[in-house]
Structures are given as C-alpha cells and as structure tokens.
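Enquirer: My file is structure.pdb. It has PDB, C-alpha atoms:
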```pdb
ATOM      1  CA  ASP A   1      19.936   7.076  -1.042
ATOM      2  CA  GLU A   2      22.271   5.217   1.307
ATOM      3  CA  LEU A   3      20.213   2.044   0.750
ATOM      4  CA  ARG A   4      19.848   2.456  -3.012
ATOM      5  CA  GLY A   5      21.431  -0.485  -4.772
ATOM      6  CA  SER A   6      22.437  -2.193  -1.530
ATOM      7  CA  GLY A   7      19.736  -4.851  -1.682
ATOM      8  CA  GLU A   8      18.446  -3.853   1.768
ATOM      9  CA  LEU A   9      14.723  -3.331   2.159
ATOM     10  CA  ARG A  10      13.444  -1.206   5.011
ATOM     11  CA  TYR A  11       9.722  -0.644   5.558
ATOM     12  CA  VAL A  12       9.227   3.049   6.291
ATOM     13  CA  ALA A  13       5.653   3.796   5.261
ATOM     14  CA  ALA A  14       2.835   2.401   3.176
ATOM     15  CA  TRP A  15      -0.320   3.765   1.671
ATOM     16  CA  ARG A  16      -3.273   1.766   0.525
ATOM     17  CA  ILE A  17      -4.606   3.152  -2.715
ATOM     18  CA  GLU A  18      -7.393   0.813  -3.707
ATOM     19  CA  ASN A  19      -9.452   0.712  -6.843
ATOM     20  CA  PRO A  20     -12.690  -0.999  -5.671
ATOM     21  CA  VAL A  21     -13.448  -2.463  -9.104
ATOM     22  CA  LEU A  22      -9.980  -4.001  -9.470
ATOM     23  CA  PHE A  23      -9.966  -5.180  -5.852
ATOM     24  CA  ASN A  24     -13.316  -6.963  -6.328
ATOM     25  CA  ARG A  25     -11.975  -8.599  -9.492
ATOM     26  CA  PHE A  26      -8.859  -9.696  -7.563
ATOM     27  CA  ASP A  27     -11.015 -11.077  -4.758
ATOM     28  CA  ALA A  28     -13.141 -13.051  -7.261
ATOM     29  CA  GLU A  29      -9.994 -14.494  -8.856
ATOM     30  CA  LYS A  30      -8.713 -15.515  -5.415
ATOM     31  CA  GLU A  31     -11.978 -17.324  -4.729
ATOM     32  CA  SER A  32     -11.766 -19.080  -8.099
ATOM     33  CA  LEU A  33      -8.199 -20.131  -7.278
ATOM     34  CA  ARG A  34      -9.306 -21.376  -3.851
ATOM     35  CA  ASN A  35     -11.938 -23.592  -5.547
ATOM     36  CA  THR A  36      -9.401 -24.878  -8.084
ATOM     37  CA  LEU A  37      -6.962 -25.760  -5.296
ATOM     38  CA  ARG A  38      -9.738 -27.480  -3.349
ATOM     39  CA  ARG A  39     -10.616 -29.650  -6.377
ATOM     40  CA  ALA A  40      -6.927 -30.405  -6.973
ATOM     41  CA  ARG A  41      -6.451 -31.533  -3.358
ATOM     42  CA  ALA A  42      -9.521 -33.754  -3.672
ATOM     43  CA  ASN A  43      -7.703 -35.454  -6.572
ATOM     44  CA  ARG A  44      -4.516 -35.736  -4.476
ATOM     45  CA  VAL A  45      -2.715 -32.997  -6.425
ATOM     46  CA  ILE A  46      -0.734 -30.709  -4.155
ATOM     47  CA  ALA A  47       0.292 -27.253  -5.359
ATOM     48  CA  PRO A  48       3.805 -26.225  -4.319
ATOM     49  CA  LEU A  49       4.098 -23.433  -1.775
ATOM     50  CA  ALA A  50       5.944 -20.235  -2.567
ATOM     51  CA  HIS A  51       9.158 -19.814  -0.600
ATOM     52  CA  LEU A  52      10.478 -16.280  -0.434
ATOM     53  CA  ARG A  53      13.864 -15.054   0.704
ATOM     54  CA  ARG A  54      14.212 -14.068   4.339
ATOM     55  CA  PRO A  55      14.877 -10.308   3.751
ATOM     56  CA  LEU A  56      11.511  -9.822   2.047
ATOM     57  CA  LEU A  57       9.682 -11.943   4.621
ATOM     58  CA  GLU A  58      11.207  -9.958   7.496
ATOM     59  CA  ALA A  59      10.551  -6.578   5.872
ATOM     60  CA  THR A  60       6.901  -7.398   5.144
ATOM     61  CA  GLU A  61       6.098  -8.805   8.597
ATOM     62  CA  GLN A  62       5.230  -5.245   9.664
ATOM     63  CA  PHE A  63       2.725  -4.681   6.859
ATOM     64  CA  PRO A  64      -0.775  -4.182   8.269
ATOM     65  CA  ALA A  65      -2.558  -6.320   5.652
ATOM     66  CA  LYS A  66      -2.647 -10.070   6.158
ATOM     67  CA  LEU A  67      -2.026 -12.472   3.294
ATOM     68  CA  ASP A  68      -4.295 -15.357   2.361
ATOM     69  CA  LYS A  69      -2.153 -18.472   2.864
ATOM     70  CA  GLY A  70      -5.018 -20.597   1.523
ATOM     71  CA  VAL A  71      -4.198 -19.411  -1.988
ATOM     72  CA  ASN A  72      -0.438 -19.112  -1.462
ATOM     73  CA  GLU A  73      -0.581 -15.305  -1.506
ATOM     74  CA  VAL A  74       2.805 -13.580  -1.052
ATOM     75  CA  TRP A  75       4.216 -10.071  -1.148
ATOM     76  CA  LEU A  76       6.335  -9.242  -4.197
ATOM     77  CA  LEU A  77       7.946  -5.969  -5.214
ATOM     78  CA  HIS A  78       7.523  -3.765  -8.281
ATOM     79  CA  GLY A  79       9.666  -0.670  -8.848
ATOM     80  CA  THR A  80       8.312   2.174 -10.944
ATOM     81  CA  SER A  81       8.385   5.924 -11.415
ATOM     82  CA  PRO A  82       6.213   8.281  -9.352
ATOM     83  CA  GLU A  83       4.303   9.231 -12.504
ATOM     84  CA  ASN A  84       3.085   5.632 -12.929
ATOM     85  CA  ILE A  85       1.588   5.079  -9.456
ATOM     86  CA  LEU A  86      -1.896   6.465 -10.128
ATOM     87  CA  LYS A  87      -2.011   4.810 -13.556
ATOM     88  CA  ILE A  88      -1.363   1.465 -11.874
ATOM     89  CA  ALA A  89      -3.941   2.173  -9.160
ATOM     90  CA  THR A  90      -6.518   3.143 -11.791
ATOM     91  CA  ALA A  91      -5.955   0.489 -14.462
ATOM     92  CA  GLY A  92      -4.013  -2.168 -12.587
ATOM     93  CA  PHE A  93      -0.886  -3.833 -13.871
ATOM     94  CA  ASN A  94      -1.527  -4.027 -17.596
ATOM     95  CA  GLU A  95       1.070  -5.622 -19.875
ATOM     96  CA  ARG A  96      -0.374  -3.784 -22.902
ATOM     97  CA  LEU A  97       0.716  -0.476 -21.352
ATOM     98  CA  CYS A  98       4.240  -1.678 -20.516
ATOM     99  CA  SER A  99       7.466  -1.031 -22.309
ATOM    100  CA  ASN A 100       9.604  -3.941 -23.466
ATOM    101  CA  GLY A 101      11.587  -5.517 -20.667
ATOM    102  CA  ARG A 102      14.439  -7.969 -20.812
ATOM    103  CA  PHE A 103      11.992 -10.828 -21.377
ATOM    104  CA  GLY A 104       9.582  -8.880 -23.568
ATOM    105  CA  ARG A 105       6.451  -6.878 -22.879
ATOM    106  CA  GLY A 106       5.057  -7.578 -19.445
ATOM    107  CA  VAL A 107       4.744  -6.654 -15.799
ATOM    108  CA  TYR A 108       7.641  -7.799 -13.664
ATOM    109  CA  PHE A 109       7.675  -8.516  -9.932
ATOM    110  CA  ALA A 110      10.570  -9.632  -7.758
ATOM    111  CA  GLU A 111      11.422 -10.571  -4.210
ATOM    112  CA  ASP A 112      14.814  -8.877  -4.476
ATOM    113  CA  VAL A 113      14.793  -5.155  -3.731
ATOM    114  CA  GLY A 114      18.023  -4.804  -5.705
ATOM    115  CA  LYS A 115      16.176  -5.854  -8.860
ATOM    116  CA  THR A 116      13.143  -3.590  -8.392
ATOM    117  CA  ASP A 117      15.459  -0.752  -7.390
ATOM    118  CA  GLN A 118      16.739  -0.726 -10.978
ATOM    119  CA  TYR A 119      13.301   0.425 -12.142
ATOM    120  CA  ALA A 120      12.334   2.796  -9.343
ATOM    121  CA  THR A 121      13.035   6.481  -9.821
ATOM    122  CA  PRO A 122      13.079   8.892  -6.868
ATOM    123  CA  ASP A 123      10.324  11.316  -6.014
ATOM    124  CA  ARG A 124      12.434  14.072  -4.471
ATOM    125  CA  ARG A 125      10.175  17.104  -4.348
ATOM    126  CA  HIS A 126       6.572  17.916  -3.569
ATOM    127  CA  LYS A 127       4.627  19.083  -6.586
ATOM    128  CA  ALA A 128       2.420  21.912  -5.408
ATOM    129  CA  SER A 129       0.891  23.016  -8.703
ATOM    130  CA  GLN A 130      -0.728  21.185 -11.598
ATOM    131  CA  GLU A 131       0.767  21.231 -15.095
ATOM    132  CA  GLY A 132      -1.853  20.196 -17.639
ATOM    133  CA  SER A 133      -5.021  18.208 -17.098
ATOM    134  CA  ASP A 134      -3.305  14.810 -16.756
ATOM    135  CA  ASP A 135      -0.622  15.618 -14.189
ATOM    136  CA  SER A 136      -0.477  12.306 -12.318
ATOM    137  CA  LEU A 137       2.401  13.340 -10.035
ATOM    138  CA  TYR A 138       0.467  16.369  -8.806
ATOM    139  CA  ARG A 139      -2.621  14.191  -8.164
ATOM    140  CA  LEU A 140      -0.484  11.563  -6.384
ATOM    141  CA  HIS A 141       1.004  14.187  -4.083
ATOM    142  CA  ARG A 142      -2.412  15.631  -3.240
ATOM    143  CA  LEU A 143      -3.534  12.114  -2.280
ATOM    144  CA  LEU A 144      -0.461  11.005  -0.292
ATOM    145  CA  TYR A 145       0.647  14.336   1.179
ATOM    146  CA  PRO A 146      -2.509  16.386   1.823
ATOM    147  CA  GLY A 147      -0.591  18.653   4.216
ATOM    148  CA  GLY A 148       1.666  19.789   1.394
ATOM    149  CA  GLU A 149       5.410  20.016   1.155
ATOM    150  CA  SER A 150       6.034  19.566   4.878
ATOM    151  CA  GLU A 151       4.663  15.973   4.669
ATOM    152  CA  HIS A 152       6.700  14.945   1.629
ATOM    153  CA  PRO A 153       9.831  13.057   2.806
ATOM    154  CA  LYS A 154      11.917  14.297  -0.150
ATOM    155  CA  ASP A 155      13.343  10.895  -1.059
ATOM    156  CA  VAL A 156      10.603   8.387  -1.873
ATOM    157  CA  PHE A 157      10.851   5.334  -4.109
ATOM    158  CA  TYR A 158       7.624   3.651  -5.211
TER
END
```
Represent the structure of the file as structure tokens.
Expert:
Amino acid sequence: DELRGSGELRYVAAWRIENPVLFNRFDAEKESLRNTLRRARANRVIAPLAHLRRPLLEATEQFPAKLDKGVNEVWLLHGTSPENILKIATAGFNERLCSNGRFGRGVYFAEDVGKTDQYATPDRRHKASQEGSDDSLYRLHRLLYPGGESEHPKDVFY
C-alpha cells in the first residue's frame, strides 16, 4: 500500500499463465508483422521505434522473458481486478467484454504505473473455498498459491 498511487513500480514476483492457443496466435501475428516490416524496409520505409519511460524500462529489466526487438515488442502495463485474471488468460484481452473507459469500449495499456494503478484492485486474502461453479478468484488462488494461505502475500495487485 505504501507504493499505491506513488507512480513507483517495483518488480516483486511474476507468474506466467499461458493459454497455448492464444500464445500461438500471438506468435503468428508477430511473424506476420516481421514480414510486413521486412517488406517496408525493402521499400525504404522505416517504422518508428517505441520509446518507453525509464521507470518501466528499469523495472522490467529483471523480467525473465526476453522481448523481440525485431518487431518493436515492449512491456506495457494493465491494471485489473483479481477476478479478471483468469478470464484474461482464457480469452485474452477482448474489447467486447470490456466496460466503457474514458475513450470508449476497449482494452487499455500504459507505461505509467500510476495510470494502471487506478484500475487495479487489491487481492488481500487467500480464498480457500469455492463459491459457485465459476469462482475465478478461488481458481486463481489454487493456481498461483498451491501451498494455500501461507503463500499468499496478502497485498497483491494484478
């Protein structure tokens, strides 16, 4: 909580929750983009490079995954509620499932933690029992904290 709203980003932990179907689709789109950029360069068209702010670059240097600079891949942030994490992992970022934002229906990403912090809600307690058949928070906790309550850090923002 001491960092909440301060604009400071500190990498504490990360999980990789991968949907193989969506990841393969993403990989195919990256390859298509790589081919488009190759054709553009052959016609002397140069795509601008993304330039991110230093705080995000420094915070993401520790991430284990490497970005593909050939397609100008960068890390961006998205703040959400704990209940939405598995929905995003299952269906991806889908603007049809979004509520209206300031600029209309859509999925928003930012490089400023202060902006994404406005949308993130805390996950403060481990959920040990399931309520109903579609209890995404319970399923998320079983996936991220298999050891139970002792593994849950009590103050997580996704």
Enquirer: Residues near A:Glu95, anyone? I mean within 10 Å using only C-alpha atoms, not counting same-chain ones fewer than 6 positions away, as a ChimeraX atom specification.
Expert: /A:104-108
Enquirer: Can you list, as a tab-separated table (two decimals) with C-alpha atoms, keeping the file's coordinate frame, every protein, DNA or RNA residue that comes within 9 Å of stretch 29-37 of chain A when you count all atoms listed in the file, leaving out same-chain residues fewer than 2 positions away?
Expert:
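Dumped everything to result_7.tsv:
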```tsv
chain	number	residue	atom	x	y	z
A	24	ASN	CA	-13.32	-6.96	-6.33
A	25	ARG	CA	-11.98	-8.60	-9.49
A	26	PHE	CA	-8.86	-9.70	-7.56
A	27	ASP	CA	-11.02	-11.08	-4.76
A	39	ARG	CA	-10.62	-29.65	-6.38
A	40	ALA	CA	-6.93	-30.40	-6.97
A	41	ARG	CA	-6.45	-31.53	-3.36
A	42	ALA	CA	-9.52	-33.75	-3.67
A	45	VAL	CA	-2.72	-33.00	-6.42
A	46	ILE	CA	-0.73	-30.71	-4.16
A	47	ALA	CA	0.29	-27.25	-5.36
A	68	ASP	CA	-4.30	-15.36	2.36
A	70	GLY	CA	-5.02	-20.60	1.52
A	71	VAL	CA	-4.20	-19.41	-1.99
```
Enquirer: Evaluated on this file, the PyMOL selection byres ((chain A and resi 154) around 8) picks out some residues - which ones are they, written as a PyMOL selection string?
Expert: chain A and resi 123-126+152-153+155-156
Enquirer: Go ahead and compute the interatomic distance for atom CA of A:Thr80 and atom CA of A:Tyr158, in Å to one decimal.
Expert: 6.0 Å
Enquirer: For this structure, which residues satisfy the selection - the PyMOL selection byres ((chain A and resi 138) around 10) - when it is evaluated on the file as given? I want them as a PyMOL selection string.
Expert: chain A and resi 82-83+126-132+134-137+139-143
Enquirer: Using the chain letters and numbering of this document, enumerate as an MDAnalysis selection string the residues selected by the PyMOL selection byres ((chain A and resi 19) around 9).
Expert: chainID A and resid 17:18 20:24 89:92
Enquirer: How about saving the chosen residues, C-alpha atoms kept, as a PDB file, in the frame of the given file?
Expert:
```pdb
ATOM      1  CA  ILE A  17      -4.606   3.152  -2.715  1.00  0.00           C
ATOM      2  CA  GLU A  18      -7.393   0.813  -3.707  1.00  0.00           C
ATOM      3  CA  PRO A  20     -12.690  -0.999  -5.671  1.00  0.00           C
ATOM      4  CA  VAL A  21     -13.448  -2.463  -9.104  1.00  0.00           C
ATOM      5  CA  LEU A  22      -9.980  -4.001  -9.470  1.00  0.00           C
ATOM      6  CA  PHE A  23      -9.966  -5.180  -5.852  1.00  0.00           C
ATOM      7  CA  ASN A  24     -13.316  -6.963  -6.328  1.00  0.00           C
ATOM      8  CA  ALA A  89      -3.941   2.173  -9.160  1.00  0.00           C
ATOM      9  CA  THR A  90      -6.518   3.143 -11.791  1.00  0.00           C
ATOM     10  CA  ALA A  91      -5.955   0.489 -14.462  1.00  0.00           C
ATOM     11  CA  GLY A  92      -4.013  -2.168 -12.587  1.00  0.00           C
TER      12      GLY A  92
END
```
Enquirer: Please, what distance in Å, to one decimal, runs between atom CA of A:Pro146 and atom CA of A:Leu97?
Expert: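 Straight-line distance from atom CA of A:Pro146 to atom CA of A:Leu97 works out to 28.8 Å.
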Enquirer: One decimal, in Å: what's the spacing between atom CA of A:Arg102 and atom CA of A:Lys115?
Expert: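 A separation of 12.3 Å between them.
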Enquirer: So which residues fall inside 12 Å of (4.8, -11.9, 2.1) if we count only C-alpha atoms? Mind giving them as number ranges by chain?
Expert: A: 50-69, 72-77, 110-111
Enquirer: Would you save stretch 91-134 of chain A to a file, keeping C-alpha atoms, as a short mmCIF file (atom, residue, chain, number, x, y, z; two decimals), in the first residue's frame?
Expert:
```
data_model
loop_
_atom_site.label_atom_id
_atom_site.label_comp_id
_atom_site.auth_asym_id
_atom_site.auth_seq_id
_atom_site.Cartn_x
_atom_site.Cartn_y
_atom_site.Cartn_z
CA ALA A 91 -10.00 -15.41 -23.58
CA GLY A 92 -7.26 -12.82 -23.98
CA PHE A 93 -7.83 -9.10 -23.94
CA ASN A 94 -11.21 -8.76 -25.61
CA GLU A 95 -12.72 -5.30 -26.11
CA ARG A 96 -16.22 -6.82 -26.43
CA LEU A 97 -16.02 -7.93 -22.79
CA CYS A 98 -14.79 -4.55 -21.51
CA SER A 99 -16.69 -1.82 -19.79
CA ASN A 100 -16.67 1.69 -21.22
CA GLY A 101 -13.48 3.57 -20.47
CA ARG A 102 -12.70 7.23 -20.83
CA PHE A 103 -12.15 6.78 -24.57
CA GLY A 104 -14.92 4.23 -25.08
CA ARG A 105 -15.03 0.45 -25.05
CA GLY A 106 -11.59 -1.07 -25.29
CA VAL A 107 -8.55 -2.56 -23.61
CA TYR A 108 -6.14 -0.01 -22.23
CA PHE A 109 -2.41 -0.39 -21.60
CA ALA A 110 0.03 2.15 -20.18
CA GLU A 111 3.67 2.60 -19.33
CA ASP A 112 2.79 4.61 -16.23
CA VAL A 113 2.09 2.54 -13.13
CA GLY A 114 0.13 5.46 -11.69
CA LYS A 115 -2.41 5.11 -14.51
CA THR A 116 -2.82 1.33 -14.29
CA ASP A 117 -2.96 1.60 -10.50
CA GLN A 118 -6.29 3.40 -10.89
CA TYR A 119 -7.81 0.18 -12.27
CA ALA A 120 -6.10 -2.42 -10.10
CA THR A 121 -7.92 -3.62 -7.01
CA PRO A 122 -6.09 -5.43 -4.20
CA ASP A 123 -6.21 -9.15 -3.59
CA ARG A 124 -5.81 -9.12 0.19
CA ARG A 125 -6.83 -12.58 1.32
CA HIS A 126 -6.42 -16.16 0.20
CA LYS A 127 -9.66 -17.75 -0.91
CA ALA A 128 -9.63 -21.29 0.42
CA SER A 129 -13.10 -22.44 -0.60
CA GLN A 130 -15.09 -22.25 -3.81
CA GLU A 131 -18.35 -20.30 -4.04
CA GLY A 132 -20.33 -21.43 -7.08
CA SER A 133 -19.08 -23.16 -10.20
CA ASP A 134 -17.49 -20.06 -11.77
#
```
